[in-house]
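Quick look at work09.json (JSON, C-alpha atoms):
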[["chain", "number", "residue", "atom", "x", "y", "z"],
["A", 223, "MET", "CA", -43.86, -114.29, 3.35],
["A", 224, "ARG", "CA", -40.80, -116.39, 2.74],
["A", 225, "ARG", "CA", -40.49, -118.63, -0.25],
["A", 226, "LEU", "CA", -38.32, -121.66, -0.15],
["A", 227, "VAL", "CA", -35.60, -122.03, -2.77],
["A", 228, "ILE", "CA", -33.37, -125.01, -3.27],
["A", 229, "SER", "CA", -30.36, -125.55, -5.51],
["A", 230, "ILE", "CA", -29.78, -128.93, -7.05],
["A", 231, "ILE", "CA", -26.47, -130.13, -8.42],
["A", 232, "ALA", "CA", -26.35, -132.80, -11.12],
["A", 233, "ALA", "CA", -24.30, -135.88, -10.36],
["A", 234, "LEU", "CA", -20.98, -136.40, -12.17],
["A", 235, "ALA", "CA", -20.76, -140.11, -12.67],
["A", 236, "ILE", "CA", -22.83, -143.12, -13.47],
["A", 237, "VAL", "CA", -22.73, -146.22, -11.33],
["A", 238, "VAL", "CA", -24.45, -149.36, -12.46],
["A", 239, "ALA", "CA", -25.38, -152.09, -9.99],
["A", 240, "VAL", "CA", -26.75, -155.35, -11.31],
["A", 241, "GLY", "CA", -27.53, -158.60, -9.58],
["A", 242, "GLY", "CA", -26.65, -162.10, -10.65],
["A", 243, "ALA", "CA", -23.92, -161.06, -13.06],
["A", 244, "VAL", "CA", -21.05, -162.80, -11.31],
["A", 245, "MET", "CA", -21.41, -165.45, -8.67],
["A", 246, "ALA", "CA", -19.08, -166.47, -5.92],
["A", 247, "GLY", "CA", -17.93, -170.04, -6.37],
["A", 248, "THR", "CA", -18.02, -172.93, -3.97],
["A", 249, "GLY", "CA", -15.59, -175.66, -3.03],
["A", 250, "GLY", "CA", -12.64, -173.28, -2.56],
["A", 251, "GLY", "CA", -12.78, -171.84, -6.08],
["A", 252, "SER", "CA", -14.56, -168.87, -7.63],
["A", 253, "SER", "CA", -16.76, -168.50, -10.66],
["A", 254, "VAL", "CA", -15.77, -164.82, -10.89],
["A", 255, "THR", "CA", -13.54, -165.16, -13.92],
["A", 256, "GLN", "CA", -12.30, -162.88, -16.66],
["A", 257, "PRO", "CA", -14.44, -164.42, -19.46],
["A", 258, "ARG", "CA", -17.60, -164.38, -17.34],
["A", 259, "LEU", "CA", -17.10, -160.79, -16.22],
["A", 260, "GLU", "CA", -16.38, -159.65, -19.78],
["A", 261, "ARG", "CA", -19.57, -161.29, -21.09],
["A", 262, "ALA", "CA", -21.73, -159.99, -18.23],
["A", 263, "LEU", "CA", -20.42, -156.43, -18.40],
["A", 264, "ALA", "CA", -20.75, -156.16, -22.18],
["A", 265, "ALA", "CA", -24.31, -157.53, -22.17],
["A", 266, "GLN", "CA", -25.49, -155.37, -19.27],
["A", 267, "PHE", "CA", -23.83, -152.26, -20.68],
["A", 268, "ALA", "CA", -25.50, -152.79, -24.06],
["A", 269, "ASN", "CA", -28.93, -153.07, -22.45],
["A", 270, "LEU", "CA", -28.50, -150.00, -20.25],
["A", 271, "HIS", "CA", -26.93, -147.87, -22.99],
["A", 272, "SER", "CA", -29.74, -148.64, -25.44],
["A", 273, "ASP", "CA", -32.33, -147.82, -22.75],
["A", 274, "GLN", "CA", -30.61, -144.48, -22.18],
["A", 275, "ALA", "CA", -30.53, -143.80, -25.93],
["A", 276, "THR", "CA", -34.29, -144.39, -26.12],
["A", 277, "LEU", "CA", -34.88, -142.00, -23.24],
["A", 278, "LEU", "CA", -32.76, -139.33, -24.96],
["A", 279, "GLY", "CA", -34.55, -139.80, -28.30],
["A", 280, "HIS", "CA", -31.60, -141.37, -30.16],
["A", 281, "ARG", "CA", -33.00, -143.63, -32.85],
["A", 282, "GLY", "CA", -31.61, -146.91, -34.09],
["A", 283, "VAL", "CA", -29.58, -147.77, -31.00],
["A", 284, "THR", "CA", -30.18, -151.34, -29.83],
["A", 285, "PRO", "CA", -28.14, -153.76, -27.72],
["A", 286, "SER", "CA", -27.10, -155.65, -30.85],
["A", 287, "SER", "CA", -26.20, -152.51, -32.84],
["A", 288, "LEU", "CA", -23.75, -151.40, -30.15],
["A", 289, "HIS", "CA", -21.45, -154.43, -30.61],
["A", 290, "ALA", "CA", -20.27, -153.91, -27.04],
["A", 291, "LYS", "CA", -17.09, -155.73, -26.03],
["A", 292, "ALA", "CA", -15.14, -155.77, -22.78],
["A", 293, "MET", "CA", -11.55, -156.66, -21.96],
["A", 294, "CYS", "CA", -11.04, -157.11, -18.22],
["A", 295, "ASP", "CA", -7.99, -157.47, -16.02],
["A", 296, "LYS", "CA", -7.66, -157.96, -12.25],
["A", 297, "GLY", "CA", -4.82, -156.23, -10.47],
["A", 298, "GLY", "CA", -2.49, -155.96, -13.44],
["A", 299, "ALA", "CA", 0.20, -158.47, -14.32],
["A", 300, "VAL", "CA", 0.86, -159.47, -10.71],
["A", 301, "GLU", "CA", -2.52, -161.06, -10.04],
["A", 302, "VAL", "CA", -4.53, -163.90, -11.57],
["A", 303, "ASN", "CA", -7.71, -162.79, -13.37],
["A", 304, "VAL", "CA", -10.12, -164.60, -11.08],
["A", 305, "GLY", "CA", -12.08, -163.93, -7.89],
["A", 306, "PRO", "CA", -14.05, -161.05, -6.33],
["A", 307, "GLY", "CA", -12.33, -157.78, -5.60],
["A", 308, "SER", "CA", -12.32, -154.03, -6.17],
["A", 309, "ASN", "CA", -9.30, -154.06, -8.49],
["A", 310, "TRP", "CA", -10.90, -155.20, -11.74],
["A", 311, "ASN", "CA", -10.40, -152.82, -14.69],
["A", 312, "CYS", "CA", -12.30, -153.31, -17.93],
["A", 313, "LEU", "CA", -11.83, -151.58, -21.28],
["A", 314, "MET", "CA", -15.22, -151.24, -22.99],
["A", 315, "GLY", "CA", -15.70, -150.58, -26.68],
["A", 316, "TRP", "CA", -18.99, -150.04, -28.52],
["A", 317, "THR", "CA", -20.49, -148.35, -31.59],
["A", 318, "ASP", "CA", -22.94, -145.47, -31.17],
["A", 319, "PRO", "CA", -22.98, -142.59, -33.71],
["A", 320, "ASN", "CA", -24.38, -140.30, -31.00],
["A", 321, "VAL", "CA", -21.44, -140.95, -28.68],
["A", 322, "PRO", "CA", -18.11, -140.90, -30.57],
["A", 323, "MET", "CA", -15.43, -143.00, -28.93],
["A", 324, "PRO", "CA", -12.10, -141.40, -27.97],
["A", 325, "PRO", "CA", -9.09, -141.99, -30.26],
["A", 326, "GLU", "CA", -8.02, -145.07, -28.31],
["A", 327, "GLY", "CA", -11.38, -146.66, -29.12],
["A", 328, "TYR", "CA", -12.49, -147.64, -25.64],
["A", 329, "GLY", "CA", -13.61, -146.35, -22.25],
["A", 330, "LYS", "CA", -12.09, -147.55, -18.99],
["A", 331, "PHE", "CA", -14.47, -148.97, -16.39],
["A", 332, "GLU", "CA", -13.49, -149.62, -12.79],
["A", 333, "VAL", "CA", -15.30, -152.72, -11.59],
["A", 334, "THR", "CA", -15.83, -154.22, -8.16],
["A", 335, "ALA", "CA", -16.91, -157.85, -8.19],
["A", 336, "HIS", "CA", -18.71, -158.79, -4.97],
["A", 337, "THR", "CA", -19.01, -162.17, -3.31],
["A", 338, "ASN", "CA", -22.80, -161.77, -3.00],
["A", 339, "GLY", "CA", -23.53, -162.25, -6.70],
["A", 340, "CYS", "CA", -23.34, -158.59, -7.80],
["A", 341, "TYR", "CA", -20.86, -156.20, -9.34],
["A", 342, "THR", "CA", -20.61, -152.44, -9.63],
["A", 343, "ALA", "CA", -19.04, -150.64, -12.57],
["A", 344, "GLY", "CA", -18.19, -146.97, -13.00],
["A", 345, "GLY", "CA", -17.35, -145.52, -16.40],
["A", 346, "PRO", "CA", -16.25, -142.11, -17.75],
["A", 347, "SER", "CA", -19.15, -139.63, -17.69],
["A", 348, "LYS", "CA", -18.10, -138.14, -21.05],
["A", 349, "LEU", "CA", -18.98, -141.48, -22.65],
["A", 350, "VAL", "CA", -21.74, -143.00, -20.51],
["A", 351, "GLY", "CA", -23.41, -139.80, -19.37],
["A", 352, "PHE", "CA", -24.27, -138.56, -15.91],
["A", 353, "GLN", "CA", -26.16, -140.22, -13.08],
["A", 354, "THR", "CA", -29.04, -137.80, -13.54],
["A", 355, "ILE", "CA", -30.15, -137.07, -17.11],
["A", 356, "SER", "CA", -33.20, -135.51, -18.71],
["A", 357, "ASP", "CA", -35.67, -137.22, -21.02],
["A", 358, "THR", "CA", -36.56, -135.81, -24.45],
["A", 359, "HIS", "CA", -38.91, -133.32, -22.79],
["A", 360, "GLY", "CA", -36.21, -131.97, -20.49],
["A", 361, "ARG", "CA", -37.73, -133.54, -17.40],
["A", 362, "GLN", "CA", -35.75, -135.24, -14.69],
["A", 363, "GLY", "CA", -38.52, -135.69, -12.15],
["A", 364, "THR", "CA", -40.33, -133.86, -9.38],
["A", 365, "VAL", "CA", -39.39, -132.61, -5.93],
["A", 366, "THR", "CA", -41.91, -132.35, -3.11],
["A", 367, "ALA", "CA", -41.28, -130.14, -0.06],
["A", 368, "THR", "CA", -42.93, -130.58, 3.33],
["A", 369, "SER", "CA", -42.46, -129.01, 6.74],
["A", 370, "GLY", "CA", -43.95, -131.22, 9.39],
["A", 371, "PRO", "CA", -47.56, -131.89, 8.30],
["A", 372, "THR", "CA", -47.57, -128.88, 5.93],
["A", 373, "SER", "CA", -47.05, -129.40, 2.19],
["A", 374, "LEU", "CA", -45.11, -126.61, 0.50],
["A", 375, "GLY", "CA", -45.81, -127.94, -2.98],
["A", 376, "LYS", "CA", -44.61, -130.30, -5.70],
["A", 377, "VAL", "CA", -42.49, -128.92, -8.55],
["A", 378, "PRO", "CA", -40.95, -130.55, -11.67],
["A", 379, "PHE", "CA", -37.22, -130.10, -12.12],
["A", 380, "GLY", "CA", -34.84, -130.37, -15.06],
["A", 381, "LEU", "CA", -31.18, -129.36, -15.13],
["A", 382, "LYS", "CA", -28.40, -129.38, -17.67],
["A", 383, "GLU", "CA", -25.41, -131.53, -16.90],
["A", 384, "GLN", "CA", -23.06, -130.06, -14.28],
["A", 385, "GLN", "CA", -25.38, -127.08, -13.72],
["A", 386, "THR", "CA", -27.28, -125.76, -10.73],
["A", 387, "GLY", "CA", -30.81, -124.42, -10.67],
["A", 388, "ARG", "CA", -33.37, -122.82, -8.37],
["A", 389, "ILE", "CA", -36.79, -124.20, -7.55],
["A", 390, "ALA", "CA", -39.49, -122.08, -5.89],
["A", 391, "PHE", "CA", -42.40, -123.72, -4.11],
["A", 392, "ALA", "CA", -45.94, -122.33, -4.06],
["A", 393, "HIS", "CA", -46.33, -122.18, -0.27],
["A", 394, "PRO", "CA", -44.06, -120.53, 2.30],
["A", 395, "VAL", "CA", -42.36, -122.26, 5.19],
["A", 396, "PRO", "CA", -44.69, -122.06, 8.23],
["A", 397, "HIS", "CA", -43.66, -119.67, 10.97],
["A", 398, "GLY", "CA", -41.68, -121.48, 13.64],
["A", 399, "ALA", "CA", -40.92, -124.52, 11.44],
["A", 400, "LYS", "CA", -37.75, -126.36, 12.43],
["A", 401, "ASP", "CA", -36.96, -128.23, 9.25],
["A", 402, "VAL", "CA", -38.04, -128.90, 5.68],
["A", 403, "THR", "CA", -37.99, -132.28, 3.92],
["A", 404, "PHE", "CA", -37.44, -132.62, 0.17],
["A", 405, "THR", "CA", -38.43, -135.79, -1.68],
["A", 406, "PHE", "CA", -36.97, -136.27, -5.16],
["A", 407, "ASP", "CA", -38.83, -138.60, -7.50],
["A", 408, "THR", "CA", -36.85, -139.03, -10.72],
["A", 409, "VAL", "CA", -38.07, -140.02, -14.18],
["A", 410, "THR", "CA", -38.29, -143.79, -14.66],
["A", 411, "ARG", "CA", -34.92, -145.34, -15.54],
["A", 412, "VAL", "CA", -33.08, -142.06, -15.04],
["A", 413, "GLY", "CA", -32.36, -142.03, -11.34],
["A", 414, "PRO", "CA", -32.96, -144.20, -8.29],
["A", 415, "SER", "CA", -35.95, -146.54, -8.57],
["A", 416, "SER", "CA", -37.38, -145.15, -5.32],
["A", 417, "PRO", "CA", -37.68, -141.50, -4.21],
["A", 418, "SER", "CA", -34.70, -139.93, -2.40],
["A", 419, "THR", "CA", -35.36, -137.77, 0.65],
["A", 420, "ILE", "CA", -33.24, -135.12, 2.37],
["A", 421, "SER", "CA", -34.03, -132.82, 5.30],
["A", 422, "MET", "CA", -32.49, -129.49, 6.29],
["A", 423, "PRO", "CA", -33.09, -126.71, 8.82],
["A", 424, "ALA", "CA", -35.89, -124.31, 7.84],
["A", 425, "SER", "CA", -33.92, -121.15, 8.65]]

Encoding of this model in structure tokens:
Amino acid sequence: MRRLVISIIAALAIVVAVGGAVMAGTGGGSSVTQPRLERALAAQFANLHSDQATLLGHRGVTPSSLHAKAMCDKGGAVEVNVGPGSNWNCLMGWTDPNVPMPPEGYGKFEVTAHTNGCYTAGGPSKLVGFQTISDTHGRQGTVTATSGPTSLGKVPFGLKEQQTGRIAFAHPVPHGAKDVTFTFDTVTRVGPSSPSTISMPAS
């Protein structure tokens, strides 16, 4: 009997998407401005970082204790700091005894401000952590495997950052099966809010 084994690779970066942080303006102008983006990014970062600290069991970290501040610039000296675009760069500074800041005292975030009322920001993984992290019990979630109507089992998974692992399911792949579907359901507030599904050939 064959047993199905899958390797999972931890993600290397964190990407935060939030709605309503910056809004496209009307009347020919734009409300996407440097001060607004700096306030929105610092506030949202503080909330997300403190949530992550709670998940990891770090005590005493709150949005207010982080004193998060952002300094943003759009396109360098040749462009005005206003309007949507993918060329915003923000230097973020904060205070967390569990995450020492580099000597320069900040982390660089690449920010894309969208015209639909959202922005995305990517920061250095050595400071903000990885896209997939474990809770204090070492859990990251569960993965369920199916082949057609046949369930192969549901198994918890937990990996160290930048590591691979093997997961064995209780039931073998049925003879003659063409593919297997894996559904990943991550711990709340660690990964995607809805399960992620991938399929691959059974052989």

Residues at most 7 Å from Gly305 (chain A), counting all atoms listed in the file, excluding those fewer than 6 positions away in the same chain, as a CSV table (one decimal) with C-alpha atoms, in the coordinates of the input?
chain,number,residue,atom,x,y,z
A,252,SER,CA,-14.6,-168.9,-7.6
A,254,VAL,CA,-15.8,-164.8,-10.9
A,255,THR,CA,-13.5,-165.2,-13.9

Given all atoms listed in the file as the counted atoms, nearest of A:Leu259, A:Cys294, A:Val283, A:Leu349 to Met323 (chain A): A:Leu349

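Note that CA of Ala268 (chain A) and CA of Gly315 (chain A) are 10.4 Å apart.
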
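With only C-alpha atoms as the atoms that count, the residue of A:Ala335, A:Met293, A:Ala265, A:Val350 with the shortest distance to Pro306 (chain A) is A:Ala335.
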
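For the pair CA of Thr334 (chain A) and CA of Ser286 (chain A), the interatomic distance is 25.4 Å.
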
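What separates CA of Ala392 (chain A) from CA of Gly363 (chain A) is a distance of 17.3 Å.
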
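If all atoms listed in the file are the atoms counted, then among A:Pro423, A:Gly351, A:Gly329, A:Gly387 the closest residue to Ala292 (chain A) is A:Gly329.
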
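Distances from A:Gly370, A:Gly298, A:Gly375, A:Pro319 to Pro396 (chain A) were compared using only C-alpha atoms, and the smallest one belongs to A:Gly370.
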
A:Asn320, A:Gly307, A:Asp295, A:Gly344 ranked by distance to Thr276 (chain A), top pick (using only C-alpha atoms): A:Asn320

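Considering only C-alpha atoms, the residue among A:Asn303, A:Ser308, A:Thr386, A:Ser347 positioned nearest to Gln256 (chain A) is A:Asn303.
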
Could you put an axis-aligned box around every listed atom of region 302-308 of chain A, padded by 4 Å on each side, and send me its centre and edge lengths in Å to one decimal, as JSON?
{"center_x": -9.3, "center_y": -159.3, "center_z": -9.5, "size_x": 17.5, "size_y": 18.6, "size_z": 15.8}

I want to know what sits within 6 Å of Phe404 (chain A), based on all atoms listed in the file, with residues of the same chain fewer than 3 positions away left out; could you give that as a PDB file with C-alpha atoms, keeping the file's coordinate frame?
ATOM      1  CA  THR A 366     -41.910-132.350  -3.110  1.00  0.00           C
ATOM      2  CA  ALA A 367     -41.280-130.140  -0.060  1.00  0.00           C
ATOM      3  CA  THR A 419     -35.360-137.770   0.650  1.00  0.00           C
ATOM      4  CA  ILE A 420     -33.240-135.120   2.370  1.00  0.00           C
TER       5      ILE A 420
END

Saved region 363-396 of chain A from the preceding structure, C-alpha atoms, as a PDB file, in the first residue's frame:
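Now in part_38.pdb:
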ATOM      1  CA  GLY A 363      -2.916  24.471  10.918  1.00  0.00           C
ATOM      2  CA  THR A 364      -4.174  21.301   9.289  1.00  0.00           C
ATOM      3  CA  VAL A 365      -3.972  19.796   5.825  1.00  0.00           C
ATOM      4  CA  THR A 366      -6.679  17.536   4.424  1.00  0.00           C
ATOM      5  CA  ALA A 367      -6.015  15.206   1.474  1.00  0.00           C
ATOM      6  CA  THR A 368      -8.674  13.798  -0.828  1.00  0.00           C
ATOM      7  CA  SER A 369      -8.620  11.809  -4.048  1.00  0.00           C
ATOM      8  CA  GLY A 370     -11.924  12.134  -5.821  1.00  0.00           C
ATOM      9  CA  PRO A 371     -14.590  11.160  -3.248  1.00  0.00           C
ATOM     10  CA  THR A 372     -12.036   9.344  -1.048  1.00  0.00           C
ATOM     11  CA  SER A 373     -10.637  11.068   2.055  1.00  0.00           C
ATOM     12  CA  LEU A 374      -7.005  10.229   2.778  1.00  0.00           C
ATOM     13  CA  GLY A 375      -7.064  11.927   6.170  1.00  0.00           C
ATOM     14  CA  LYS A 376      -6.581  15.205   8.000  1.00  0.00           C
ATOM     15  CA  VAL A 377      -3.220  15.941   9.644  1.00  0.00           C
ATOM     16  CA  PRO A 378      -1.932  18.911  11.704  1.00  0.00           C
ATOM     17  CA  PHE A 379       1.248  20.547  10.455  1.00  0.00           C
ATOM     18  CA  GLY A 380       3.884  22.792  12.019  1.00  0.00           C
ATOM     19  CA  LEU A 381       7.195  23.831  10.476  1.00  0.00           C
ATOM     20  CA  LYS A 382      10.127  25.946  11.515  1.00  0.00           C
ATOM     21  CA  GLU A 383      10.831  29.010   9.428  1.00  0.00           C
ATOM     22  CA  GLN A 384      12.496  28.268   6.076  1.00  0.00           C
ATOM     23  CA  GLN A 385      12.297  24.512   6.692  1.00  0.00           C
ATOM     24  CA  THR A 386      10.598  21.638   4.901  1.00  0.00           C
ATOM     25  CA  GLY A 387       8.738  18.745   6.460  1.00  0.00           C
ATOM     26  CA  ARG A 388       6.961  15.507   5.582  1.00  0.00           C
ATOM     27  CA  ILE A 389       3.356  14.684   6.337  1.00  0.00           C
ATOM     28  CA  ALA A 390       1.991  11.128   6.113  1.00  0.00           C
ATOM     29  CA  PHE A 391      -1.723  10.505   5.768  1.00  0.00           C
ATOM     30  CA  ALA A 392      -3.559   7.572   7.336  1.00  0.00           C
ATOM     31  CA  HIS A 393      -5.087   6.205   4.126  1.00  0.00           C
ATOM     32  CA  PRO A 394      -3.370   5.292   0.862  1.00  0.00           C
ATOM     33  CA  VAL A 395      -4.122   6.767  -2.526  1.00  0.00           C
ATOM     34  CA  PRO A 396      -6.795   4.583  -4.203  1.00  0.00           C
TER      35      PRO A 396
END
